[in-house]
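Q: Take a look at the following structure, please.
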There are 2 protein chains.
Amino acid sequence: MGEFPADSVGLVEPQTLHVTEPLALDCGKQLDEYELVYETYGQLNADRSNAILICHALSGSHHAAGYHADTPDGKPGWWDKCIGPGKPLDTNRFFVVCPANLGGYKGSTGPASAHPKTGRPYGPDFPVITVGDWVRSQAVLREHLGIEQWAVVAGGSLGGMQVMQWAIEYPERLKHALVIAAAPRLSAQNIAFNEIARQAIVTDPEFHGGRYAEHGVVPRRGLMLARMLGHITYLSDEAMRAKFGRDLRDGRLNYGFDVEFQVESYLRHQGQSFVERFDANTYLLMTKALDYFDPAGLHDDNLQAAFAPATARFLVISFTSDWRFSPERSREIVDALVDAGKQVSYAEIVSELGHDEFLLDLPQYTHTLRAYLERVAREVNP
Amino acid sequence: MGEFPADSVGLVEPQTLHVTEPLALDCGKQLDEYELVYETYGQLNADRSNAILICHALSGSHHAAGYHADTPDGKPGWWDKCIGPGKPLDTNRFFVVCPANLGGYKGSTGPASAHPKTGRPYGPDFPVITVGDWVRSQAVLREHLGIEQWAVVAGGSLGGMQVMQWAIEYPERLKHALVIAAAPRLSAQNIAFNEIARQAIVTDPEFHGGRYAEHGVVPRRGLMLARMLGHITYLSDEAMRAKFGRDLRDGRLNYGFDVEFQVESYLRHQGQSFVERFDANTYLLMTKALDYFDPAGLHDDNLQAAFAPATARFLVISFTSDWRFSPERSREIVDALVDAGKQVSYAEIVSELGHDEFLLDLPQYTHTLRAYLERVAREVNP
């Protein structure tokens with residue numbers, strides 16, 4: 001592992017849990033059997049009290065940190081900036097677990113997996129899945145790993161929604177809840193962005209009602225547009241200005257419809273490379289899970305009431321430049337927790353890059369994570 | 001005309017100016033001949049001093065007020081709330097002129113018009129057009145109408161950009177410049193939205209490189225997505241919340257990919273009805289004109305220097321809920337005008353609905369317009 005940075009978890013290999021106990025889903029259907037693919041970093045301590053569960057966001061996976069032997073681009077996992085020896089989620093002290101979500105594009109059972117009955121890909125027959133379904137499947141993994149209680153459940157964006165769900169549904173199973181760059185539910189505008197992304201995908205003639213794999217094609221155009229649109233919401237206006245401004249790719253206007261501004265080039269590149277790795281049916285499922293998440297909705301829109309069962313201590317983090325889930329949305333969470341009498345710390349990180357900041361390593365952000373998790377480490381490893 | 005409201009200009013008929021003098025365009029090409037279609041409301045006074053030029057925005061046309069005999073939906077022109085007898089743009093006092101922009105979807109010569117040489121639609125061969133090109137064609141109309149000087153040139157959004165161009169390029173030809181809900185140039189994020197809309201259109205298999213008319217089809221999916229995306233930027237997050245919240249169309253989740261939330265229904269409807277009336281090539285041209293507008297860019301990014309030639313008095317109006325062109329963008333205009341020693345009034349209207357507010361009749365907005373224009377009316381009709 002000498003080839004990896006000293007603060008990297010190094011080479012990692014996913015593990016697979018095959019579950020044969022059916023999982024009842026919120027939509028009314030069930031998965032008779034399924035696989036959960038996950039990675040772990042660090043060592044579980046003797047009393048199994050140092051485990052951190054990481055919940056991933058829309059385009060994430062089980063590969064949160066370190067390197068795969070066959071990674072062609074040499075890029076580490078999606079939260080590698082924060083997970084590793086000496087990093088905020090310190091693998092010298094914590095046992096970090098990151099499962100891939102059901103319905104995802106790789107790893108755990110999803111639309112591209114073979115249906116156990118037919119042997120063909122689920123495709124559009126993969127059931128609509130919710131944040132609650134994910135958390136219930138992660139609870140199966142918890143049991144399998146023999147972890148009575150997570151020291152921490154942590155996640156950003158859609159991952160933060162899973163953290164809230166854990167705290168509400170399994171209060172005794174986590175001591176700390178880290179909710180980063182999240183919202184208690186989507187706004188109408190958030191749903192609108194998701195709906196346009198979905199429409200881009202389902203109206204692509206190569207979508208074939210979700211059975212594109214059977215036709216040997218991919219709804220490239222739709223998935224590309226969806227990802228381009230996503231990137232507008234992940235980056236702040238200020239970040240786009242700082243990154244691209246009105247810079248012209250060729251240094252002059254060409255009065256045509258090819259790429260002219262650098263931002264166009266960036267978006268097309270992001271869209272095109274996403275198509276190579278992601279699955280269109282998964283994109284639909286992930287956006288639906290986002291749309292549906294609404295714990296307050298089950299309590300007459302009273303978020304305080306929704307949080308009533310929670311016993312975890314919360315750390316809520318937002319970023320000032322995040323307009324997808326603005327600090328205002330995090331403060332809704334914090335206010336409801338405070339009103340419900342819960343223990344909550346809140347950090348609003350001054351930032352420039354937008355929603356994606358939660359994946360990066362802004363000093364004030366990593367310092368906040370580090371300080372909080374050092375306290376947790378002292379609790380669990382006396 | 002008894003069938004129309006008393007403050008309506010009533011039944012109107014477009015007029016056509018056929019221009020045979022070639023128009024040299026910024027892109028280096030020229031239009032050998034072209035038609036400008038326009039409407040007028042009110043009467044030109046004896047000394048021709050009471051004329052207001054209206055510049056329209058992306059999806060506008062020459063039909064700004066009143067009714068067409070053959071309007072199937074019975075809807076008046078796009079700015080009917082502000083133009084008419086006794087309305088802020090009072091047709092009892094002003095002679096209001098609204099031309100359709102070149103490259104537009106109806107009226108003046110555009111991609112759907114027959115090329116004079118071939119007799120077939122221009123389609124993608126219609127040259128890329130700029131705000132400057134529009135203003136130069138509007139100057140031809142001014143000459144034709146025998147108006148030495150507009151009392152006012154007014155416009156919202158992309159229309160406001162044309163107003164700025166008039167003030168810079170033909171300072172002696174207007175006394176007042178009304179710049180509403182505009183920006184001195186697009187931000188990288190604005191360009192990003194436009195680029196995704198364009199990609200949605202050009203990647204639609206029925207776009208056929210812009211020659212869809214020859215194939216007897218329309219790139220419906222792409223144009224629909226473009227319009228849905230536009231609507232996200234026209235409405236504020238708050239407006240969407242107030243209008244739709246998380247209301248479910250069927251009152252319950254159906255765990256599928258049909259419309260679930262009201263906002264989805266709204267967007268799909270907006271997208272679908274737009275396809276019926278708008279032209280995809282025009283959408284591409286309009287977004288490019290927006291992207292290119294950048295008077296400061298010709299002066300080392302110094303907007304104050306760009307405004308140096310202007311002699312008009314300015315009224316700049318912004319809306320607090322507008323996130324497409326926020327008040328901050330209007331203040332850039334105002335600051336540059338002040339620094340350049342120009343006369344400028346600025347009104348920031350407290351609003352909820354977003355960018356589209358400029359088409360509506362919020363009392364503080366219409367009051368501001370009315371007060372300003374009454375002063376203008378006293379100047380021109382002593």
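We name chains A, B, ... following the order of the structure tokens; residues begin at 1 in each chain, and ligands are numbered from 1 as shown.
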Please check the contacts: residues of chain A at most 7 Å away from chain B, using only C-alpha atoms, listed as a list in words.
A: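 My answer is Cys27, Val128, Ser187, Ala188, Gln189, Ala192, Glu195, Ile196, Ala200, Thr203, Arg221, Leu225, Met228, Leu229, Ile232, Asp237, Met240, Arg241, Phe244, Gly245, Arg246, Tyr255, Gly256, Val263 and Glu264 of chain A.
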Q: For the structure I just gave you, how does DSSP split segment 185-218 of chain B - specifically, which residues are alpha helix (DSSP H)? Reply as a PyMOL selection string.
A: chain B and resi 188-202
Q: Could you tell me how far atom CA of Val334 of chain A lies from atom CA of Leu315 of chain A, in Å and to one decimal?
A: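 Between these atoms lies a distance of 9.0 Å.
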Q: Between atom CA of Gly77 of chain A and atom CA of Ala371 of chain A, what is the distance in Å, rounded to a tenth?
A: 22.8 Å
Q: May I have the residues within 9 Å of segment 55-71 of chain A as a PDB file with N, CA and C atoms, in the first residue's frame, using only C-alpha atoms and disregarding those fewer than 4 positions away in the same chain?
A:
ATOM      1  N   PHE A   4      -0.136   4.489  -1.906  1.00  0.00           N
ATOM      2  CA  PHE A   4      -1.242   5.371  -1.538  1.00  0.00           C
ATOM      3  C   PHE A   4      -0.786   6.415  -0.523  1.00  0.00           C
ATOM      4  N   SER A   8      -4.590   7.633   3.581  1.00  0.00           N
ATOM      5  CA  SER A   8      -5.605   6.902   2.819  1.00  0.00           C
ATOM      6  C   SER A   8      -5.854   5.547   3.467  1.00  0.00           C
ATOM      7  N   VAL A   9      -7.071   5.071   3.325  1.00  0.00           N
ATOM      8  CA  VAL A   9      -7.340   3.709   3.813  1.00  0.00           C
ATOM      9  C   VAL A   9      -6.763   2.680   2.858  1.00  0.00           C
ATOM     10  N   GLY A  10      -6.225   3.141   1.737  1.00  0.00           N
ATOM     11  CA  GLY A  10      -5.526   2.252   0.813  1.00  0.00           C
ATOM     12  C   GLY A  10      -6.463   1.423  -0.048  1.00  0.00           C
ATOM     13  N   LEU A  11      -5.993   0.235  -0.367  1.00  0.00           N
ATOM     14  CA  LEU A  11      -6.761  -0.653  -1.234  1.00  0.00           C
ATOM     15  C   LEU A  11      -7.944  -1.238  -0.453  1.00  0.00           C
ATOM     16  N   VAL A  12      -9.110  -1.177  -1.022  1.00  0.00           N
ATOM     17  CA  VAL A  12     -10.285  -1.721  -0.327  1.00  0.00           C
ATOM     18  C   VAL A  12     -11.029  -2.670  -1.256  1.00  0.00           C
ATOM     19  N   GLU A  13     -11.761  -3.596  -0.608  1.00  0.00           N
ATOM     20  CA  GLU A  13     -12.572  -4.523  -1.389  1.00  0.00           C
ATOM     21  C   GLU A  13     -13.981  -4.550  -0.842  1.00  0.00           C
ATOM     22  N   PRO A  14     -14.958  -4.424  -1.708  1.00  0.00           N
ATOM     23  CA  PRO A  14     -16.345  -4.477  -1.251  1.00  0.00           C
ATOM     24  C   PRO A  14     -16.686  -5.870  -0.712  1.00  0.00           C
ATOM     25  N   VAL A  37     -24.161  -4.607  -0.794  1.00  0.00           N
ATOM     26  CA  VAL A  37     -22.716  -4.522  -0.969  1.00  0.00           C
ATOM     27  C   VAL A  37     -22.231  -3.339  -0.142  1.00  0.00           C
ATOM     28  N   TYR A  38     -21.139  -3.550   0.574  1.00  0.00           N
ATOM     29  CA  TYR A  38     -20.656  -2.494   1.473  1.00  0.00           C
ATOM     30  C   TYR A  38     -19.152  -2.562   1.602  1.00  0.00           C
ATOM     31  N   GLU A  39     -18.587  -1.470   2.049  1.00  0.00           N
ATOM     32  CA  GLU A  39     -17.163  -1.449   2.373  1.00  0.00           C
ATOM     33  C   GLU A  39     -17.013  -1.077   3.838  1.00  0.00           C
ATOM     34  N   THR A  40     -15.913  -1.511   4.428  1.00  0.00           N
ATOM     35  CA  THR A  40     -15.593  -1.094   5.791  1.00  0.00           C
ATOM     36  C   THR A  40     -14.151  -0.616   5.828  1.00  0.00           C
ATOM     37  N   TYR A  41     -13.909   0.338   6.689  1.00  0.00           N
ATOM     38  CA  TYR A  41     -12.570   0.897   6.849  1.00  0.00           C
ATOM     39  C   TYR A  41     -12.295   0.982   8.352  1.00  0.00           C
ATOM     40  N   LYS A  75      -9.113   7.228  -9.066  1.00  0.00           N
ATOM     41  CA  LYS A  75      -9.775   8.118  -8.104  1.00  0.00           C
ATOM     42  C   LYS A  75     -10.202   7.348  -6.866  1.00  0.00           C
ATOM     43  N   PRO A  76     -10.082   7.955  -5.699  1.00  0.00           N
ATOM     44  CA  PRO A  76     -10.524   7.273  -4.482  1.00  0.00           C
ATOM     45  C   PRO A  76     -12.042   7.372  -4.320  1.00  0.00           C
ATOM     46  N   GLY A  77     -12.581   6.772  -3.238  1.00  0.00           N
ATOM     47  CA  GLY A  77     -14.017   6.793  -2.963  1.00  0.00           C
ATOM     48  C   GLY A  77     -14.549   8.204  -2.799  1.00  0.00           C
ATOM     49  N   TRP A  78     -15.888   8.292  -2.770  1.00  0.00           N
ATOM     50  CA  TRP A  78     -16.533   9.608  -2.896  1.00  0.00           C
ATOM     51  C   TRP A  78     -16.352  10.508  -1.666  1.00  0.00           C
ATOM     52  N   TRP A  79     -16.054   9.915  -0.485  1.00  0.00           N
ATOM     53  CA  TRP A  79     -15.849  10.768   0.699  1.00  0.00           C
ATOM     54  C   TRP A  79     -14.445  10.582   1.249  1.00  0.00           C
ATOM     55  N   ASP A  80     -13.540  10.278   0.358  1.00  0.00           N
ATOM     56  CA  ASP A  80     -12.160   9.999   0.771  1.00  0.00           C
ATOM     57  C   ASP A  80     -11.504  11.189   1.475  1.00  0.00           C
ATOM     58  N   LYS A  81     -11.961  12.384   1.175  1.00  0.00           N
ATOM     59  CA  LYS A  81     -11.362  13.560   1.818  1.00  0.00           C
ATOM     60  C   LYS A  81     -11.614  13.570   3.326  1.00  0.00           C
ATOM     61  N   CYS A  82     -12.631  12.861   3.765  1.00  0.00           N
ATOM     62  CA  CYS A  82     -12.986  12.907   5.188  1.00  0.00           C
ATOM     63  C   CYS A  82     -12.788  11.575   5.913  1.00  0.00           C
ATOM     64  N   ILE A  83     -12.512  10.490   5.203  1.00  0.00           N
ATOM     65  CA  ILE A  83     -12.390   9.162   5.822  1.00  0.00           C
ATOM     66  C   ILE A  83     -10.979   8.626   5.631  1.00  0.00           C
ATOM     67  N   GLY A  84     -10.314   8.300   6.708  1.00  0.00           N
ATOM     68  CA  GLY A  84      -8.966   7.722   6.601  1.00  0.00           C
ATOM     69  C   GLY A  84      -8.216   7.906   7.907  1.00  0.00           C
ATOM     70  N   VAL A  97     -18.503   1.984   8.088  1.00  0.00           N
ATOM     71  CA  VAL A  97     -19.245   1.075   7.212  1.00  0.00           C
ATOM     72  C   VAL A  97     -20.034   1.900   6.197  1.00  0.00           C
ATOM     73  N   CYS A  98     -19.882   1.597   4.933  1.00  0.00           N
ATOM     74  CA  CYS A  98     -20.681   2.284   3.921  1.00  0.00           C
ATOM     75  C   CYS A  98     -21.321   1.288   2.969  1.00  0.00           C
ATOM     76  N   PRO A  99     -22.642   1.095   3.073  1.00  0.00           N
ATOM     77  CA  PRO A  99     -23.333   0.206   2.136  1.00  0.00           C
ATOM     78  C   PRO A  99     -23.817   0.969   0.896  1.00  0.00           C
ATOM     79  N   ALA A 100     -23.951   0.263  -0.190  1.00  0.00           N
ATOM     80  CA  ALA A 100     -24.614   0.823  -1.369  1.00  0.00           C
ATOM     81  C   ALA A 100     -26.117   0.682  -1.175  1.00  0.00           C
ATOM     82  N   ASN A 101     -26.841   1.711  -1.551  1.00  0.00           N
ATOM     83  CA  ASN A 101     -28.288   1.678  -1.366  1.00  0.00           C
ATOM     84  C   ASN A 101     -28.970   0.746  -2.368  1.00  0.00           C
ATOM     85  N   GLY A 104     -29.586   1.222  -6.317  1.00  0.00           N
ATOM     86  CA  GLY A 104     -28.465   2.002  -6.827  1.00  0.00           C
ATOM     87  C   GLY A 104     -27.918   1.473  -8.141  1.00  0.00           C
ATOM     88  N   TYR A 105     -26.908   2.167  -8.631  1.00  0.00           N
ATOM     89  CA  TYR A 105     -26.391   1.832  -9.974  1.00  0.00           C
ATOM     90  C   TYR A 105     -25.327   0.756  -9.929  1.00  0.00           C
ATOM     91  N   LYS A 106     -24.764   0.513  -8.749  1.00  0.00           N
ATOM     92  CA  LYS A 106     -23.834  -0.605  -8.659  1.00  0.00           C
ATOM     93  C   LYS A 106     -23.785  -1.096  -7.220  1.00  0.00           C
ATOM     94  N   GLY A 107     -23.280  -2.322  -7.064  1.00  0.00           N
ATOM     95  CA  GLY A 107     -23.184  -2.868  -5.727  1.00  0.00           C
ATOM     96  C   GLY A 107     -24.469  -3.568  -5.351  1.00  0.00           C
ATOM     97  N   SER A 108     -25.201  -2.998  -4.412  1.00  0.00           N
ATOM     98  CA  SER A 108     -26.423  -3.631  -3.912  1.00  0.00           C
ATOM     99  C   SER A 108     -27.449  -3.821  -5.025  1.00  0.00           C
ATOM    100  N   VAL A 135     -33.136   2.560   5.083  1.00  0.00           N
ATOM    101  CA  VAL A 135     -32.733   2.480   6.486  1.00  0.00           C
ATOM    102  C   VAL A 135     -33.067   1.094   7.043  1.00  0.00           C
ATOM    103  N   VAL A 153     -24.301   7.721  12.902  1.00  0.00           N
ATOM    104  CA  VAL A 153     -24.787   7.559  11.534  1.00  0.00           C
ATOM    105  C   VAL A 153     -24.624   8.920  10.867  1.00  0.00           C
ATOM    106  N   ALA A 154     -23.955   8.924   9.714  1.00  0.00           N
ATOM    107  CA  ALA A 154     -23.605  10.193   9.072  1.00  0.00           C
ATOM    108  C   ALA A 154     -23.934  10.158   7.596  1.00  0.00           C
ATOM    109  N   GLY A 155     -24.323  11.316   7.064  1.00  0.00           N
ATOM    110  CA  GLY A 155     -24.556  11.394   5.629  1.00  0.00           C
ATOM    111  C   GLY A 155     -24.859  12.808   5.192  1.00  0.00           C
ATOM    112  N   GLY A 156     -24.542  13.105   3.939  1.00  0.00           N
ATOM    113  CA  GLY A 156     -24.820  14.417   3.368  1.00  0.00           C
ATOM    114  C   GLY A 156     -25.921  14.333   2.333  1.00  0.00           C
ATOM    115  N   SER A 157     -26.695  15.395   2.199  1.00  0.00           N
ATOM    116  CA  SER A 157     -27.737  15.499   1.177  1.00  0.00           C
ATOM    117  C   SER A 157     -28.770  14.383   1.382  1.00  0.00           C
ATOM    118  N   LEU A 158     -29.022  13.587   0.354  1.00  0.00           N
ATOM    119  CA  LEU A 158     -29.928  12.445   0.516  1.00  0.00           C
ATOM    120  C   LEU A 158     -29.445  11.519   1.632  1.00  0.00           C
ATOM    121  N   GLY A 159     -28.124  11.463   1.844  1.00  0.00           N
ATOM    122  CA  GLY A 159     -27.581  10.688   2.965  1.00  0.00           C
ATOM    123  C   GLY A 159     -28.035  11.242   4.304  1.00  0.00           C
ATOM    124  N   GLY A 160     -28.123  12.561   4.400  1.00  0.00           N
ATOM    125  CA  GLY A 160     -28.595  13.196   5.632  1.00  0.00           C
ATOM    126  C   GLY A 160     -30.042  12.856   5.944  1.00  0.00           C
ATOM    127  N   MET A 161     -30.823  12.642   4.896  1.00  0.00           N
ATOM    128  CA  MET A 161     -32.213  12.226   5.100  1.00  0.00           C
ATOM    129  C   MET A 161     -32.257  10.836   5.731  1.00  0.00           C
ATOM    130  N   GLN A 162     -31.368   9.966   5.284  1.00  0.00           N
ATOM    131  CA  GLN A 162     -31.312   8.625   5.872  1.00  0.00           C
ATOM    132  C   GLN A 162     -30.920   8.699   7.354  1.00  0.00           C
ATOM    133  N   VAL A 163     -30.003   9.626   7.656  1.00  0.00           N
ATOM    134  CA  VAL A 163     -29.596   9.796   9.055  1.00  0.00           C
ATOM    135  C   VAL A 163     -30.803  10.188   9.912  1.00  0.00           C
ATOM    136  N   PHE A 278     -23.417   5.586 -14.817  1.00  0.00           N
ATOM    137  CA  PHE A 278     -24.640   5.568 -14.026  1.00  0.00           C
ATOM    138  C   PHE A 278     -25.772   4.884 -14.776  1.00  0.00           C
ATOM    139  N   THR A 282     -31.895   3.905 -12.025  1.00  0.00           N
ATOM    140  CA  THR A 282     -31.470   4.314 -10.686  1.00  0.00           C
ATOM    141  C   THR A 282     -31.689   5.805 -10.477  1.00  0.00           C
ATOM    142  N   TYR A 283     -31.395   6.582 -11.513  1.00  0.00           N
ATOM    143  CA  TYR A 283     -31.588   8.036 -11.377  1.00  0.00           C
ATOM    144  C   TYR A 283     -33.051   8.349 -11.054  1.00  0.00           C
ATOM    145  N   MET A 286     -33.737   7.275  -7.353  1.00  0.00           N
ATOM    146  CA  MET A 286     -33.103   8.142  -6.357  1.00  0.00           C
ATOM    147  C   MET A 286     -33.876   9.463  -6.226  1.00  0.00           C
ATOM    148  N   THR A 287     -34.289  10.003  -7.364  1.00  0.00           N
ATOM    149  CA  THR A 287     -35.010  11.285  -7.296  1.00  0.00           C
ATOM    150  C   THR A 287     -36.379  11.094  -6.644  1.00  0.00           C
ATOM    151  N   LEU A 290     -35.930  10.988  -2.935  1.00  0.00           N
ATOM    152  CA  LEU A 290     -35.778  12.372  -2.455  1.00  0.00           C
ATOM    153  C   LEU A 290     -37.150  13.050  -2.337  1.00  0.00           C
TER     154      LEU A 290
END
Q: Please give the complete set of residues from segment 53-214 of chain A that DSSP, run on the backbone, assigns to strand (DSSP E), formatted as a ChimeraX atom specification.
A: /A:53-55,83-84,89-90,95-99,150-156,174-180
